[in-house]
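So this one's upload.cif, mmCIF, C-alpha atoms and all ligand atoms:
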data_start
loop_
_atom_site.label_atom_id
_atom_site.label_comp_id
_atom_site.auth_asym_id
_atom_site.auth_seq_id
_atom_site.Cartn_x
_atom_site.Cartn_y
_atom_site.Cartn_z
CA MET A 1 -19.13 -12.14 -23.43
CA ASN A 2 -16.83 -9.09 -23.34
CA LEU A 3 -14.83 -7.81 -20.42
CA PHE A 4 -16.35 -4.85 -18.58
CA ASP A 5 -13.95 -2.19 -19.82
CA VAL A 6 -12.92 -0.20 -16.74
CA TYR A 7 -9.12 -0.43 -17.00
CA PRO A 8 -6.98 1.61 -19.44
CA ILE A 9 -4.37 -0.98 -20.38
CA ASN A 10 -0.94 -1.22 -21.98
CA GLU A 11 -0.93 -3.62 -24.95
CA ILE A 12 1.40 -6.10 -23.25
CA THR A 13 0.71 -9.70 -22.27
CA ILE A 14 2.99 -10.88 -19.50
CA SER A 15 3.52 -14.62 -19.53
CA LYS A 16 6.46 -15.17 -17.17
CA ALA A 17 7.99 -13.42 -14.15
CA LYS A 18 10.99 -13.88 -11.86
CA GLY A 19 12.32 -11.57 -9.15
CA SER A 20 12.21 -8.00 -10.49
CA TYR A 21 11.72 -9.07 -14.11
CA VAL A 22 8.75 -10.01 -16.25
CA TRP A 23 8.62 -11.33 -19.84
CA ASP A 24 5.93 -10.82 -22.44
CA ASP A 25 4.51 -13.49 -24.75
CA LYS A 26 7.10 -12.58 -27.38
CA GLY A 27 9.97 -13.21 -24.96
CA GLU A 28 10.76 -9.51 -24.38
CA GLN A 29 12.20 -8.84 -20.90
CA TYR A 30 11.04 -5.90 -18.72
CA LEU A 31 12.41 -4.51 -15.47
CA ASP A 32 9.49 -4.21 -13.05
CA LEU A 33 9.69 -1.07 -10.91
CA TYR A 34 5.92 -1.01 -10.51
CA GLY A 35 5.39 -4.39 -8.82
CA GLY A 36 1.88 -4.66 -10.24
CA HIS A 37 1.01 -1.60 -8.14
CA ALA A 38 3.14 -2.21 -5.02
CA VAL A 39 1.94 -5.80 -4.73
CA ILE A 40 5.14 -7.72 -5.45
CA SER A 41 6.98 -7.51 -2.16
CA ILE A 42 9.44 -10.43 -2.15
CA GLY A 43 9.88 -10.73 -5.93
CA HIS A 44 7.83 -12.49 -8.59
CA THR A 45 7.48 -16.29 -8.26
CA HIS A 46 9.86 -16.51 -5.31
CA PRO A 47 10.65 -20.24 -4.98
CA HIS A 48 9.82 -20.40 -1.26
CA TRP A 49 6.46 -18.70 -1.85
CA VAL A 50 5.66 -21.02 -4.76
CA LYS A 51 6.57 -24.10 -2.73
CA ARG A 52 4.59 -23.08 0.33
CA ILE A 53 1.47 -22.46 -1.77
CA GLU A 54 1.97 -25.72 -3.71
CA ASP A 55 2.45 -27.73 -0.53
CA GLN A 56 -0.65 -26.19 1.02
CA LEU A 57 -2.69 -26.81 -2.12
CA GLU A 58 -1.97 -30.53 -1.82
CA LYS A 59 -3.39 -30.52 1.74
CA ILE A 60 -6.37 -28.15 1.83
CA ALA A 61 -6.96 -24.85 0.02
CA PHE A 62 -10.07 -23.54 1.74
CA TYR A 63 -12.44 -24.05 4.56
CA SER A 64 -14.60 -21.39 6.17
CA ASN A 65 -13.98 -19.49 9.41
CA SER A 66 -16.35 -21.85 11.23
CA ILE A 67 -13.49 -24.21 12.11
CA ARG A 68 -10.03 -23.79 13.66
CA ILE A 69 -7.38 -22.73 11.14
CA PRO A 70 -4.00 -23.00 12.92
CA LEU A 71 -2.29 -21.31 9.98
CA GLN A 72 -4.12 -18.08 10.96
CA VAL A 73 -2.62 -18.30 14.46
CA GLU A 74 0.82 -18.97 12.97
CA LEU A 75 0.38 -15.96 10.68
CA ALA A 76 -0.75 -13.71 13.56
CA GLU A 77 2.32 -14.71 15.60
CA LYS A 78 4.70 -14.17 12.71
CA LEU A 79 3.11 -10.84 11.78
CA GLY A 80 3.32 -9.71 15.40
CA LYS A 81 7.01 -10.59 15.48
CA VAL A 82 8.02 -9.03 12.15
CA SER A 83 5.92 -5.86 12.65
CA GLY A 84 6.75 -5.48 16.35
CA LYS A 85 3.02 -5.21 17.22
CA THR A 86 3.01 -8.42 19.25
CA ASP A 87 -0.04 -7.57 21.37
CA TYR A 88 -2.34 -6.61 18.46
CA GLN A 89 -5.14 -8.85 17.15
CA LEU A 90 -5.39 -9.97 13.52
CA PHE A 91 -8.55 -10.05 11.39
CA LEU A 92 -8.03 -11.42 7.88
CA CYS A 93 -9.90 -10.37 4.73
CA ASN A 94 -9.25 -10.16 1.00
CA SER A 95 -8.44 -6.67 -0.32
CA GLY A 96 -7.28 -3.23 0.70
CA ALA A 97 -10.72 -1.67 0.41
CA GLU A 98 -12.20 -4.43 2.54
CA ALA A 99 -9.48 -3.92 5.16
CA ASN A 100 -10.27 -0.19 5.37
CA GLU A 101 -14.02 -0.82 5.32
CA ASN A 102 -13.62 -3.15 8.30
CA ALA A 103 -11.31 -0.75 10.13
CA LEU A 104 -13.72 2.19 9.74
CA LYS A 105 -16.67 0.04 10.75
CA LEU A 106 -14.89 -1.41 13.77
CA ALA A 107 -13.87 2.09 14.91
CA SER A 108 -17.51 3.16 14.70
CA PHE A 109 -18.70 0.10 16.61
CA HIS A 110 -16.05 0.77 19.25
CA THR A 111 -16.77 4.47 19.74
CA GLY A 112 -20.48 4.50 18.86
CA ARG A 113 -19.71 7.56 16.68
CA LYS A 114 -20.29 8.36 13.01
CA LEU A 115 -17.75 10.98 11.91
CA VAL A 116 -14.55 10.05 10.08
CA ILE A 117 -11.68 12.43 9.34
CA ALA A 118 -9.83 11.80 6.07
CA PHE A 119 -7.36 13.96 4.14
CA SER A 120 -6.91 15.69 0.80
CA LYS A 121 -5.56 13.39 -1.96
CA SER A 122 -6.34 10.29 0.10
CA PHE A 123 -7.19 6.95 -1.51
CA HIS A 124 -8.68 4.23 0.69
CA GLY A 125 -10.43 1.93 -1.80
CA ARG A 126 -13.67 1.56 -3.73
CA THR A 127 -16.15 -0.03 -1.34
CA SER A 128 -18.79 2.17 0.19
CA LEU A 129 -17.24 3.78 3.27
CA ALA A 130 -13.65 3.42 2.02
CA VAL A 131 -14.56 5.30 -1.15
CA SER A 132 -16.47 7.93 0.83
CA ALA A 133 -13.19 8.59 2.66
CA THR A 134 -11.35 8.83 -0.67
CA ASP A 135 -10.69 12.33 -1.98
CA ASN A 136 -11.71 11.75 -5.60
CA LYS A 137 -15.23 12.65 -6.68
CA ASN A 138 -14.96 10.43 -9.79
CA TYR A 139 -14.98 7.28 -7.67
CA ILE A 140 -17.89 8.29 -5.44
CA ALA A 141 -21.29 7.12 -6.74
CA PRO A 142 -24.39 8.97 -5.53
CA VAL A 143 -25.13 6.07 -3.19
CA ASN A 144 -21.73 6.58 -1.49
CA GLU A 145 -22.32 10.26 -0.74
CA THR A 146 -22.37 10.89 2.99
CA ASP A 147 -21.92 13.71 5.49
CA ASN A 148 -20.06 11.36 7.82
CA VAL A 149 -16.64 12.06 6.29
CA ILE A 150 -14.80 15.34 6.89
CA PHE A 151 -11.87 16.06 4.56
CA LEU A 152 -9.01 18.13 5.94
CA PRO A 153 -5.80 19.32 4.27
CA PHE A 154 -2.99 16.74 4.53
CA ASN A 155 -0.27 17.59 7.07
CA ASP A 156 -2.18 20.64 8.40
CA GLU A 157 -2.00 20.40 12.20
CA ASP A 158 -3.99 23.59 12.82
CA ALA A 159 -6.91 22.42 10.67
CA LEU A 160 -6.91 19.07 12.47
CA GLU A 161 -6.88 20.71 15.88
CA ALA A 162 -9.69 23.10 14.91
CA CYS A 163 -11.80 20.22 13.60
CA PHE A 164 -11.40 18.26 16.85
CA GLU A 165 -12.23 21.37 18.85
CA GLU A 166 -15.46 21.79 16.90
CA ASN A 167 -16.58 18.15 16.60
CA GLY A 168 -14.52 16.42 19.32
CA LYS A 169 -16.98 13.97 20.82
CA GLN A 170 -18.54 13.04 17.46
CA ILE A 171 -15.34 12.00 15.71
CA GLY A 172 -15.04 8.22 15.66
CA SER A 173 -11.87 7.82 13.63
CA VAL A 174 -9.07 9.44 11.68
CA ILE A 175 -7.79 7.48 8.66
CA ILE A 176 -4.48 8.34 7.01
CA GLU A 177 -1.92 6.77 4.68
CA GLY A 178 1.61 7.03 6.11
CA ILE A 179 2.73 7.81 2.57
CA GLN A 180 -0.04 8.64 0.12
CA GLY A 181 0.27 6.41 -2.93
CA VAL A 182 -2.43 7.19 -5.49
CA GLY A 183 -2.26 10.82 -4.31
CA GLY A 184 1.30 11.07 -5.67
CA ILE A 185 3.76 9.86 -2.96
CA ASN A 186 3.17 12.42 -0.21
CA VAL A 187 4.82 11.55 3.09
CA ALA A 188 2.79 12.28 6.24
CA ASP A 189 4.90 14.42 8.58
CA ASP A 190 5.98 12.56 11.71
CA SER A 191 4.69 15.46 13.82
CA PHE A 192 1.31 15.30 12.03
CA LEU A 193 0.94 11.60 12.90
CA ARG A 194 1.89 12.36 16.51
CA LYS A 195 -0.75 15.11 16.55
CA ILE A 196 -3.37 12.63 15.26
CA ARG A 197 -2.37 10.24 18.04
CA SER A 198 -2.64 12.82 20.79
CA LEU A 199 -5.95 14.30 19.54
CA CYS A 200 -7.46 10.81 19.18
CA ASP A 201 -6.36 10.07 22.76
CA THR A 202 -7.82 13.31 24.09
CA HIS A 203 -11.15 12.93 22.29
CA GLY A 204 -11.59 9.14 22.38
CA ALA A 205 -11.26 8.62 18.61
CA VAL A 206 -9.59 5.71 16.79
CA TYR A 207 -6.42 6.31 14.76
CA ILE A 208 -6.47 4.12 11.62
CA ALA A 209 -3.20 3.73 9.74
CA ASP A 210 -3.92 2.79 6.12
CA SER A 211 -0.84 0.74 5.32
CA VAL A 212 -2.30 -0.98 2.26
CA GLN A 213 0.31 0.53 -0.06
CA CYS A 214 2.97 2.02 2.23
CA GLY A 215 3.10 -0.92 4.66
CA TYR A 216 4.66 -4.37 4.70
CA GLY A 217 8.23 -3.10 4.80
CA ARG A 218 8.03 -0.94 1.67
CA SER A 219 9.16 2.22 3.51
CA GLY A 220 12.06 0.46 5.25
CA LYS A 221 9.99 0.10 8.44
CA PHE A 222 7.22 -2.47 8.60
CA PHE A 223 4.60 0.30 8.81
CA SER A 224 5.61 3.70 7.43
CA HIS A 225 3.53 5.27 10.22
CA ASP A 226 6.13 3.89 12.66
CA PHE A 227 8.57 6.66 11.69
CA ALA A 228 6.49 8.93 13.94
CA GLY A 229 7.25 6.80 16.99
CA VAL A 230 3.60 6.39 18.04
CA ASN A 231 1.21 3.48 17.55
CA ALA A 232 -2.06 3.56 15.62
CA ASP A 233 -5.11 1.74 17.00
CA ILE A 234 -5.75 -0.15 13.76
CA TYR A 235 -3.37 -0.84 10.85
CA THR A 236 -4.81 -1.96 7.52
CA MET A 237 -2.73 -3.98 5.07
CA ALA A 238 -3.09 -5.73 1.75
CA LYS A 239 -0.91 -5.27 -1.34
CA GLY A 240 2.48 -6.69 -0.33
CA MET A 241 0.97 -9.17 2.12
CA GLY A 242 0.56 -12.06 -0.31
CA ASN A 243 3.06 -11.07 -3.05
CA GLY A 244 0.17 -11.31 -5.51
CA PHE A 245 -1.95 -13.87 -3.71
CA PRO A 246 -5.13 -12.00 -2.65
CA VAL A 247 -4.94 -11.61 1.11
CA ALA A 248 -5.47 -8.59 3.38
CA GLY A 249 -6.02 -7.82 7.01
CA ILE A 250 -6.31 -5.40 9.86
CA ILE A 251 -4.44 -5.54 13.14
CA VAL A 252 -6.24 -4.13 16.13
CA ALA A 253 -4.80 -2.72 19.37
CA PRO A 254 -5.59 -4.72 22.52
CA HIS A 255 -7.95 -2.11 24.03
CA ILE A 256 -10.44 -2.67 21.17
CA LYS A 257 -12.29 -5.85 22.07
CA PRO A 258 -13.79 -8.26 19.53
CA LYS A 259 -17.47 -9.27 19.54
CA HIS A 260 -18.82 -12.29 17.67
CA PHE A 261 -20.32 -11.47 14.24
CA GLN A 262 -19.20 -7.80 14.30
CA LEU A 263 -16.85 -8.51 11.38
CA GLY A 264 -16.76 -11.45 9.01
CA THR A 265 -15.91 -12.76 5.55
CA THR A 266 -16.22 -16.04 3.65
CA PHE A 267 -12.81 -16.18 1.98
CA GLY A 268 -10.68 -14.13 4.40
CA GLY A 269 -7.92 -16.08 6.13
CA ASN A 270 -8.32 -19.26 4.08
CA HIS A 271 -5.57 -21.87 4.24
CA LEU A 272 -3.99 -20.97 0.92
CA ALA A 273 -3.97 -17.22 1.67
CA CYS A 274 -2.31 -17.85 5.04
CA ALA A 275 0.36 -20.02 3.41
CA ALA A 276 1.13 -17.26 0.91
CA ALA A 277 1.22 -14.58 3.62
CA LEU A 278 3.48 -16.69 5.84
CA ALA A 279 5.88 -17.27 2.96
CA VAL A 280 6.09 -13.50 2.42
CA LEU A 281 6.92 -12.76 6.07
CA GLU A 282 9.47 -15.57 6.18
CA ILE A 283 11.29 -14.13 3.16
CA ILE A 284 11.07 -10.52 4.39
CA GLU A 285 12.78 -11.67 7.59
CA GLU A 286 15.25 -14.16 6.12
CA GLU A 287 16.42 -11.98 3.23
CA LYS A 288 16.36 -8.79 5.35
CA LEU A 289 14.23 -7.08 2.74
CA MET A 290 13.42 -4.00 4.85
CA GLY A 291 17.14 -3.25 5.07
CA ASN A 292 17.40 -3.75 1.32
CA ALA A 293 14.48 -1.34 0.78
CA VAL A 294 16.32 1.31 2.81
CA MET A 295 19.60 0.80 0.95
CA VAL A 296 18.36 0.51 -2.65
CA GLY A 297 15.68 3.15 -2.03
CA LYS A 298 18.32 5.63 -0.87
CA TYR A 299 20.47 4.85 -3.90
CA LEU A 300 17.53 5.53 -6.21
CA ARG A 301 16.46 8.75 -4.49
CA ASP A 302 20.03 10.09 -4.30
CA HIS A 303 20.66 9.42 -7.99
CA LEU A 304 17.27 10.65 -9.18
CA ALA A 305 17.87 13.88 -7.26
CA THR A 306 21.00 14.52 -9.36
CA ILE A 307 18.94 14.59 -12.58
CA PRO A 308 18.06 18.29 -12.89
CA GLN A 309 14.90 17.77 -14.96
CA LEU A 310 13.25 15.67 -12.23
CA LYS A 311 11.74 17.71 -9.40
CA ASN A 312 10.87 17.00 -5.80
CA VAL A 313 12.21 13.45 -5.51
CA ARG A 314 10.47 12.08 -2.44
CA GLY A 315 9.36 9.00 -0.52
CA ARG A 316 10.81 6.46 1.85
CA GLY A 317 12.47 3.11 1.19
CA LEU A 318 11.17 1.68 -2.06
CA MET A 319 8.11 3.94 -2.27
CA ILE A 320 9.42 6.79 -4.39
CA GLY A 321 7.87 9.58 -6.44
CA PHE A 322 9.11 12.53 -8.48
CA ASP A 323 7.58 15.24 -10.64
CA VAL A 324 8.15 15.26 -14.37
CA PRO A 325 8.02 18.59 -16.24
CA GLU A 326 5.45 19.04 -19.00
CA HIS A 327 7.97 18.69 -21.87
CA LEU A 328 8.87 15.21 -20.55
CA LYS A 329 5.27 14.04 -20.11
CA ASP A 330 5.95 10.98 -22.31
CA LEU A 331 8.75 9.79 -20.05
CA LYS A 332 6.78 7.01 -18.35
CA LYS A 333 5.44 5.71 -21.66
CA ASN A 334 8.90 5.84 -23.27
CA LEU A 335 10.51 4.08 -20.32
CA LEU A 336 8.07 1.25 -20.94
CA TRP A 337 8.24 1.02 -24.73
CA ASN A 338 11.87 2.00 -25.38
CA GLN A 339 13.68 0.93 -22.22
CA LYS A 340 11.36 -1.94 -21.23
CA VAL A 341 10.87 -0.64 -17.69
CA PHE A 342 7.54 -0.67 -15.87
CA THR A 343 6.94 2.32 -13.58
CA GLY A 344 3.79 3.68 -11.96
CA GLU A 345 2.19 7.08 -12.31
CA ALA A 346 0.05 9.56 -10.44
CA LYS A 347 -1.68 12.52 -12.00
CA PRO A 348 -0.52 15.03 -13.05
CA ASN A 349 2.97 14.07 -14.24
CA VAL A 350 4.23 12.13 -11.24
CA ILE A 351 6.19 8.92 -11.72
CA ARG A 352 5.94 6.39 -8.90
CA LEU A 353 8.41 3.59 -8.19
CA LEU A 354 6.98 0.65 -6.25
CA PRO A 355 9.32 -2.26 -6.99
CA SER A 356 9.86 -5.51 -5.13
CA LEU A 357 11.65 -4.99 -1.81
CA ALA A 358 14.27 -7.38 -3.15
CA LEU A 359 15.24 -5.01 -5.99
CA LYS A 360 18.96 -5.30 -6.61
CA LYS A 361 21.28 -2.32 -6.72
CA ARG A 362 22.40 -3.24 -10.24
CA ASP A 363 18.75 -3.02 -11.37
CA ALA A 364 18.48 0.41 -9.75
CA GLU A 365 21.67 1.43 -11.59
CA GLN A 366 20.20 0.20 -14.86
CA PHE A 367 17.08 2.26 -14.23
CA ILE A 368 19.06 5.44 -13.59
CA ASP A 369 20.89 4.91 -16.92
CA SER A 370 17.58 4.22 -18.69
CA ILE A 371 15.86 7.33 -17.39
CA LYS A 372 18.83 9.55 -18.26
CA GLU A 373 18.87 8.14 -21.79
CA GLU A 374 15.14 8.69 -22.27
CA ILE A 375 15.31 12.26 -20.98
CA GLN A 376 18.13 12.94 -23.41
CA LEU A 377 16.11 11.47 -26.29
CA LEU A 378 13.01 13.46 -25.38
CA GLU A 379 15.05 16.67 -25.24
CA SER A 380 16.93 16.03 -28.47
CA PRO A 381 16.14 18.48 -31.32
CA GLU A 382 14.51 15.73 -33.49
CA ASN A 383 11.79 15.37 -30.88
C1 LIG B 401 -3.61 3.33 0.36
C2 LIG B 401 -4.59 2.40 -0.27
N1 LIG B 401 -5.65 1.98 0.44
C3 LIG B 401 -6.55 1.13 -0.09
C4 LIG B 401 -6.42 0.66 -1.38
C5 LIG B 401 -7.44 -0.29 -1.96
O1 LIG B 401 -6.89 -1.57 -2.10
P1 LIG B 401 -7.61 -2.67 -3.01
O2 LIG B 401 -7.45 -2.22 -4.43
O3 LIG B 401 -6.88 -3.94 -2.70
O4 LIG B 401 -9.04 -2.72 -2.60
C6 LIG B 401 -5.32 1.07 -2.16
C7 LIG B 401 -5.15 0.60 -3.55
O5 LIG B 401 -4.44 1.17 -4.35
C8 LIG B 401 -4.38 1.97 -1.58
O6 LIG B 401 -3.32 2.42 -2.28
#

Write the structure described by the file as structure tokens, please.
Amino acid sequence: MNLFDVYPINEITISKAKGSYVWDDKGEQYLDLYGGHAVISIGHTHPHWVKRIEDQLEKIAFYSNSIRIPLQVELAEKLGKVSGKTDYQLFLCNSGAEANENALKLASFHTGRKLVIAFSKSFHGRTSLAVSATDNKNYIAPVNETDNVIFLPFNDEDALEACFEENGKQIGSVIIEGIQGVGGINVADDSFLRKIRSLCDTHGAVYIADSVQCGYGRSGKFFSHDFAGVNADIYTMAKGMGNGFPVAGIIVAPHIKPKHFQLGTTFGGNHLACAAALAVLEIIEEEKLMGNAVMVGKYLRDHLATIPQLKNVRGRGLMIGFDVPEHLKDLKKNLLWNQKVFTGEAKPNVIRLLPSLALKKRDAEQFIDSIKEEIQLLESPEN
């Protein structure tokens, strides 16, 4: 049997990882500023995370949601404490798309309405409603086509207001990434998020904060939406939550009440996933990783901004993007093959940095040297 070939891949086989480094099967070391797509939050193979999963594996790995799982309660309490959303309710699932699917569905159950507002360049996942709210026609199969999603320009308060004026009582939810990831690192304006909050309040709609990529401390706050100083009704989370162990969830404001069987999943919230997620929160707290994300993120942005060829350096914490001019379009590839640095990309010609929140300043310094060297090589007359 062959693999179903849907992923364009780099010809590298990673066989070992530690902190912000990975090694291939030939022993070559790489600096990981991509984090396997914003997934590695506390660093690869963190010893506390490994031990907690190992210990749990010896006891019980899985049982269904038909019995009490005290680890879920422990996780909910810890998540409430670290995120500051102590009075929210946690529902656990398995992936970012599933988190958004559940959030959109729950909002519709709650309001009894069908319409969803999403924004240009959004990415919310590949399941049916999540992908319908994703602004990329290539991912939307005919079966996912729906009139229930209205796309508006990102950060356009007037368009949002006009849409609510026209459709007010039919809009069930507004879904927005605090910082768009796949869309190219676009930060939602604080005033735009406040406008979403106030229009949702006025018209009885649910504000869904997609924090799958920009959440879990990556921005320097637990949820990047928190910079706006208002709460969402539902936050979705996934990538950094398990540091690579598949676990995701939504947290739901207290005014939205649960009903039996409205949501559900076989694997979500299993013992092993909870152990991994608890280990992540314990390390984020103990090692003050949000503070580190602020500090190292600022260092990176400040130094990238001094490189004249790189335009529009943007982002928050350790979620950073910048535009690369056409003549340097091979920069990402050359960083990987010549400098042994993994970075992320977004089309066209955007480089994304999504490293572990434990990235050390000396690694950031090394990256700045590497990128300067590669730019120089690409601009040299031999090229
Ligand atoms: C903002 C956002 N939402 C949802 C998803 C989907 O997550 P998953 O791939 O875990 O389904 C992603 C994945 O990149 C994402 O960046």

Which residues come within 12 Å of A:Asp55, counting all atoms listed in the file, excluding same-chain residues fewer than 4 positions away, as a short mmCIF file (atom, residue, chain, number, x, y, z; two decimals) with C-alpha atoms, in the coordinates of the input?
data_model
loop_
_atom_site.label_atom_id
_atom_site.label_comp_id
_atom_site.auth_asym_id
_atom_site.auth_seq_id
_atom_site.Cartn_x
_atom_site.Cartn_y
_atom_site.Cartn_z
CA PRO A 47 10.65 -20.24 -4.98
CA HIS A 48 9.82 -20.40 -1.26
CA TRP A 49 6.46 -18.70 -1.85
CA VAL A 50 5.66 -21.02 -4.76
CA LYS A 51 6.57 -24.10 -2.73
CA LYS A 59 -3.39 -30.52 1.74
CA ILE A 60 -6.37 -28.15 1.83
CA ALA A 61 -6.96 -24.85 0.02
CA HIS A 271 -5.57 -21.87 4.24
CA LEU A 272 -3.99 -20.97 0.92
CA ALA A 275 0.36 -20.02 3.41
CA ALA A 276 1.13 -17.26 0.91
CA ALA A 279 5.88 -17.27 2.96
#

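Each of A:Val82, A:Leu353, A:Leu3, A:Ala346 was compared to A:Lys288 using all atoms listed in the file, and A:Val82 turns out to be the nearest.
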
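Our summary of the geometry notes that atom CA of A:Leu79 is positioned 10.6 Å from atom CA of A:Glu285.
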
Enclose the full set of atoms of ligand LIG 401 (chain B) listed in the file within a box whose edges lie along x, y and z, apply 4 Å of padding to each of the six sides, and report centre and edge lengths in Å to one decimal as JSON.
{"center_x": -6.2, "center_y": -0.3, "center_z": -2.0, "size_x": 13.7, "size_y": 15.3, "size_z": 12.9}

Using all atoms listed in the file, which residues sit within 8 Å of stretch 117-130 of chain A once same-chain residues fewer than 6 positions away are excluded, as a ChimeraX atom specification? /A:96-98,100-101,104,136,139,144,149-154,171,173-177,180-183,210

Those residues with C-alpha atoms, as a compact mmCIF listing (two decimals), keeping the file's coordinate frame please?
# COMPACT_ATOMS: atom_id res chain seq x y z
CA GLY A 96 -7.28 -3.23 0.70
CA ALA A 97 -10.72 -1.67 0.41
CA GLU A 98 -12.20 -4.43 2.54
CA ASN A 100 -10.27 -0.19 5.37
CA GLU A 101 -14.02 -0.82 5.32
CA LEU A 104 -13.72 2.19 9.74
CA ASN A 136 -11.71 11.75 -5.60
CA TYR A 139 -14.98 7.28 -7.67
CA ASN A 144 -21.73 6.58 -1.49
CA VAL A 149 -16.64 12.06 6.29
CA ILE A 150 -14.80 15.34 6.89
CA PHE A 151 -11.87 16.06 4.56
CA LEU A 152 -9.01 18.13 5.94
CA PRO A 153 -5.80 19.32 4.27
CA PHE A 154 -2.99 16.74 4.53
CA ILE A 171 -15.34 12.00 15.71
CA SER A 173 -11.87 7.82 13.63
CA VAL A 174 -9.07 9.44 11.68
CA ILE A 175 -7.79 7.48 8.66
CA ILE A 176 -4.48 8.34 7.01
CA GLU A 177 -1.92 6.77 4.68
CA GLN A 180 -0.04 8.64 0.12
CA GLY A 181 0.27 6.41 -2.93
CA VAL A 182 -2.43 7.19 -5.49
CA GLY A 183 -2.26 10.82 -4.31
CA ASP A 210 -3.92 2.79 6.12

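Picture a line from atom N1 of ligand LIG 401 (chain B) to atom CA of A:Val212; it runs 4.8 Å.
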
Nearest to ligand LIG 401 (chain B): which of A:Ala76, A:Val131, A:Ala205, A:Val230 is it, counting all atoms listed in the file? A:Val131

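Compared by their closest atoms to ligand LIG 401 (chain B), and using only C-alpha atoms and all ligand atoms, the residues A:Leu318, A:Val313, A:Leu90, A:Ala238 rank with A:Ala238 nearest.
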
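Proximity ranking of A:Phe4, A:Phe261, A:Trp337, A:Tyr235 relative to ligand LIG 401 (chain B) places A:Tyr235 first, based on only C-alpha atoms and all ligand atoms.
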
Using all atoms listed in the file, give me every residue within 9 Å of (-14.0, -1.6, 23.9) in file coordinates, as a VMD selection string. chain A and resid 109 to 111 255 to 258

Counting only C-alpha atoms, the residue among A:Leu304, A:Cys200, A:Leu33, A:Leu160 that lies closest to A:Arg352 is A:Leu33

Non-local contacts of A:Ala209 (10 Å; all atoms listed in the file; under 5 positions in same chain excluded) as a list in words: Asn100, Ala103, Val174, Ile175, Ile176, Glu177, Gly178, Leu193, Cys214, Gly215, Phe223, Ser224, His225, Asp226, Asn231, Ala232, Asp233, Ile234, Tyr235, Thr236, Met237, Ile250 and Ile251 of chain A

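Using only C-alpha atoms, the shortest contact distance between A:Arg194 and any of A:Glu286, A:Ser66, A:Gly229, A:Lys16 is found at A:Gly229.
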
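Atom CA of A:His203 lies 11.6 Å from atom CA of A:Arg113.
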
I want to know what sits within 12 Å of A:Pro325, based on all atoms listed in the file, with residues of the same chain fewer than 6 positions away left out; could you give that as a PyMOL selection string? chain A and resi 308-312+331-332+348-351+375+378-379
